[in-house]
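As structure tokens, the structure follows; a few thoughts come after it.
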Amino acid sequence: MTTQHIVNVSGGKDSAACALLAAERGRPFRLVMADTGHEAPVTVDYAHQVAEFVGRPLEIARADFSEQLARKRAMVEADWLAKGVPADRVARALEVLQPTGNPFLDLCIWKGRFPSRKAQFCTDFLKSRTIEDGIVRPALDAGPVVQWLGVRRDESLNRRDAPILQRVRRSDAAHDIVFYRPIATWTAADVFAHLARRGLPPNPLYRQGMGRVGCFPCINAGKGELAEIGRRFPEAVEKLMAWESLVKDASKRGAATFFASDVTPEGAALGRRLKRQARAWVLRHHPDIPEATEDGKPSPAFAARLTARMAEISASAPWPRADEVFLWATTDRGGRQFNLLDRIAAEDGLACSSQYGLCE
């Protein structure tokens, strides 16, 4: 029985290197991509360029949240008014809880929020599950699968022990799967060098200040990346502003911002201030609930009241919107001063600003 090789690509450097390595084997493989709906157009184009370079068709899978949106719409219609949600908020939620055709946006409308560092559900729902359900699981019914992943150990602490080969026994499929991470021990410099040796240019975004090129922008994008996106791709800022409005309407609290509330100094200060206010409110209105248990540990009851109060007062708080975050990204000195050198560079035609030294 022939083993099937499936190579994941995202439009980034690491998955491109994996595709090149798979092509060098000289044996058939499938090239697959999860279209999240939140990639930059240039990244989608680059994924097709990689496919053409290695001579394989690009199979694209997209998540569909139509059923989840329908279930949430029914739940909102049946329960929200009874739970004290204002009627106008219920009406807005019912209006927006419809499929848009964009997987990322539909996921966030269903959840009533955007992903965060602590709840990074985007990767799971939009990439892992989409490739698993649409491509890997059907393939496993036909035979064993080796899935190639562009994972490097030096990317993060979570990946530092990633094995190069990992066999997973499947009780829900006829065959096992092997995860293959051929560049696990490589550095970013190794990846770019490999692309250069094979004659495949990297995604152009790497020369435009981006450290990551999957989601555009990623919720974890750094200040420098956001500044470059805001200068070079103002349409990306406009997109996020529109998405914030839609997801806000789908939220039970009536609040949703793309970026974490503490990404700007103002947002972080607001969060600290609201937490102090919430704590004072709980102490005043629930004096019978101790803040700590007898052994000095935080009281679960107090923490629950604090969380509930924070949710109440946070809904109407002026958290930083996407446009405010992008504006802050162009500043220095904690947001108090605009970067004159960056402005001059922008006026001179947005010169190369690679984080990986690709401009030389």
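Numbering starts fresh at 1 for the residues of each chain in the structure tokens, the chains themselves are lettered A, B, ... in the order given, and ligands are numbered from 1 as they appear.
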
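Using only C-alpha atoms, the residues found no farther than 12 Å from Pro138 of chain A, other than those of its own chain fewer than 3 positions away, are A:Gln4, A:Ile131, A:Glu132, A:Asp133, A:Gly134, A:Ile135, A:Asp141, A:Ala142, A:Gly143, A:Pro144, A:Val145, A:Asp172, A:Ala173, A:Ala174, A:His175.
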
Legend entry - Shortest interatomic distance to Phe326 of chain A - which of A:Val247, A:Leu274, A:Ile229, A:Ala70, counting only C-alpha atoms: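 So, comparing all the options, the nearest one is A:Ile229.
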
Legend entry - segment 9-20 of chain A surroundings by only C-alpha atoms, 6 Å radius, close-in-sequence under 3 positions cut, as a PyMOL selection string: chain A and resi 23+33+43+46-47+150+213

Please save all heavy atoms of the selected residues as an mmCIF file, in the first residue's frame.
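In the end it all went to part_22.cif:
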data_model
loop_
_atom_site.group_PDB
_atom_site.id
_atom_site.type_symbol
_atom_site.label_atom_id
_atom_site.label_comp_id
_atom_site.auth_asym_id
_atom_site.auth_seq_id
_atom_site.Cartn_x
_atom_site.Cartn_y
_atom_site.Cartn_z
ATOM 1 N N ALA A 23 9.694 18.141 -3.065
ATOM 2 C CA ALA A 23 9.905 18.037 -4.511
ATOM 3 C C ALA A 23 11.231 17.354 -4.832
ATOM 4 O O ALA A 23 11.344 16.609 -5.814
ATOM 5 C CB ALA A 23 9.852 19.428 -5.135
ATOM 6 N N MET A 33 -3.313 23.848 1.261
ATOM 7 C CA MET A 33 -3.316 25.122 1.973
ATOM 8 C C MET A 33 -4.692 25.358 2.577
ATOM 9 O O MET A 33 -5.711 25.109 1.930
ATOM 10 C CB MET A 33 -2.977 26.278 1.025
ATOM 11 C CG MET A 33 -2.996 27.650 1.675
ATOM 12 S SD MET A 33 -2.626 28.970 0.479
ATOM 13 C CE MET A 33 -2.590 30.399 1.567
ATOM 14 N N THR A 43 0.281 36.917 -0.156
ATOM 15 C CA THR A 43 0.609 35.627 0.436
ATOM 16 C C THR A 43 -0.106 34.496 -0.299
ATOM 17 O O THR A 43 0.470 33.434 -0.540
ATOM 18 C CB THR A 43 0.243 35.622 1.929
ATOM 19 O OG1 THR A 43 1.077 36.573 2.611
ATOM 20 C CG2 THR A 43 0.435 34.252 2.546
ATOM 21 N N TYR A 46 1.687 34.026 -3.434
ATOM 22 C CA TYR A 46 2.964 33.345 -3.229
ATOM 23 C C TYR A 46 2.774 31.842 -3.069
ATOM 24 O O TYR A 46 3.585 31.047 -3.555
ATOM 25 C CB TYR A 46 3.689 33.916 -2.011
ATOM 26 C CG TYR A 46 5.051 33.296 -1.802
ATOM 27 C CD1 TYR A 46 6.125 33.616 -2.621
ATOM 28 C CD2 TYR A 46 5.264 32.353 -0.786
ATOM 29 C CE1 TYR A 46 7.373 33.042 -2.448
ATOM 30 C CE2 TYR A 46 6.501 31.770 -0.605
ATOM 31 C CZ TYR A 46 7.548 32.114 -1.444
ATOM 32 O OH TYR A 46 8.788 31.532 -1.271
ATOM 33 N N ALA A 47 1.714 31.433 -2.383
ATOM 34 C CA ALA A 47 1.444 29.996 -2.246
ATOM 35 C C ALA A 47 1.255 29.352 -3.614
ATOM 36 O O ALA A 47 1.737 28.236 -3.869
ATOM 37 C CB ALA A 47 0.213 29.777 -1.371
ATOM 38 N N GLY A 150 6.005 22.580 8.374
ATOM 39 C CA GLY A 150 7.117 23.535 8.443
ATOM 40 C C GLY A 150 7.278 24.112 9.835
ATOM 41 O O GLY A 150 7.070 25.301 10.063
ATOM 42 N N VAL A 213 3.844 35.929 8.042
ATOM 43 C CA VAL A 213 3.059 36.348 6.869
ATOM 44 C C VAL A 213 1.795 35.516 6.708
ATOM 45 O O VAL A 213 1.167 35.557 5.653
ATOM 46 C CB VAL A 213 3.905 36.258 5.580
ATOM 47 C CG1 VAL A 213 5.119 37.156 5.653
ATOM 48 C CG2 VAL A 213 4.323 34.811 5.300
#

Inset, instruction - May I have the residues within 12 Å of Ala278 of chain A as a count of residues only, using only C-alpha atoms and disregarding those fewer than 4 positions away in the same chain? - result: 22

Could you build a table of the residues in segment 36-123 of chain A lying no more than 9 Å from segment 193-201 of chain A, giving for each the nearest pair of atoms and their separation in Å rounded to one decimal place, using only C-alpha atoms, ordered by chain and ascending residue number, as JSON lines?
{"residue": "A:Gln49", "atom": "CA", "partner": "A:Leu200", "partner_atom": "CA", "distance": 9.0}
{"residue": "A:Val50", "atom": "CA", "partner": "A:Leu200", "partner_atom": "CA", "distance": 7.8}
{"residue": "A:Phe53", "atom": "CA", "partner": "A:Leu200", "partner_atom": "CA", "distance": 7.5}

Restricting it to N, CA and C atoms, dump the selection as a PDB file, in the first residue's frame.
ATOM      1  N   GLN A  49       2.603  30.513  -6.310  1.00  0.00           N
ATOM      2  CA  GLN A  49       3.928  30.546  -6.925  1.00  0.00           C
ATOM      3  C   GLN A  49       4.755  29.341  -6.482  1.00  0.00           C
ATOM      4  N   VAL A  50       4.672  28.996  -5.197  1.00  0.00           N
ATOM      5  CA  VAL A  50       5.376  27.816  -4.686  1.00  0.00           C
ATOM      6  C   VAL A  50       4.872  26.558  -5.395  1.00  0.00           C
ATOM      7  N   PHE A  53       6.268  26.398  -8.780  1.00  0.00           N
ATOM      8  CA  PHE A  53       7.710  26.153  -8.745  1.00  0.00           C
ATOM      9  C   PHE A  53       8.006  24.669  -8.542  1.00  0.00           C
TER      10      PHE A  53
END
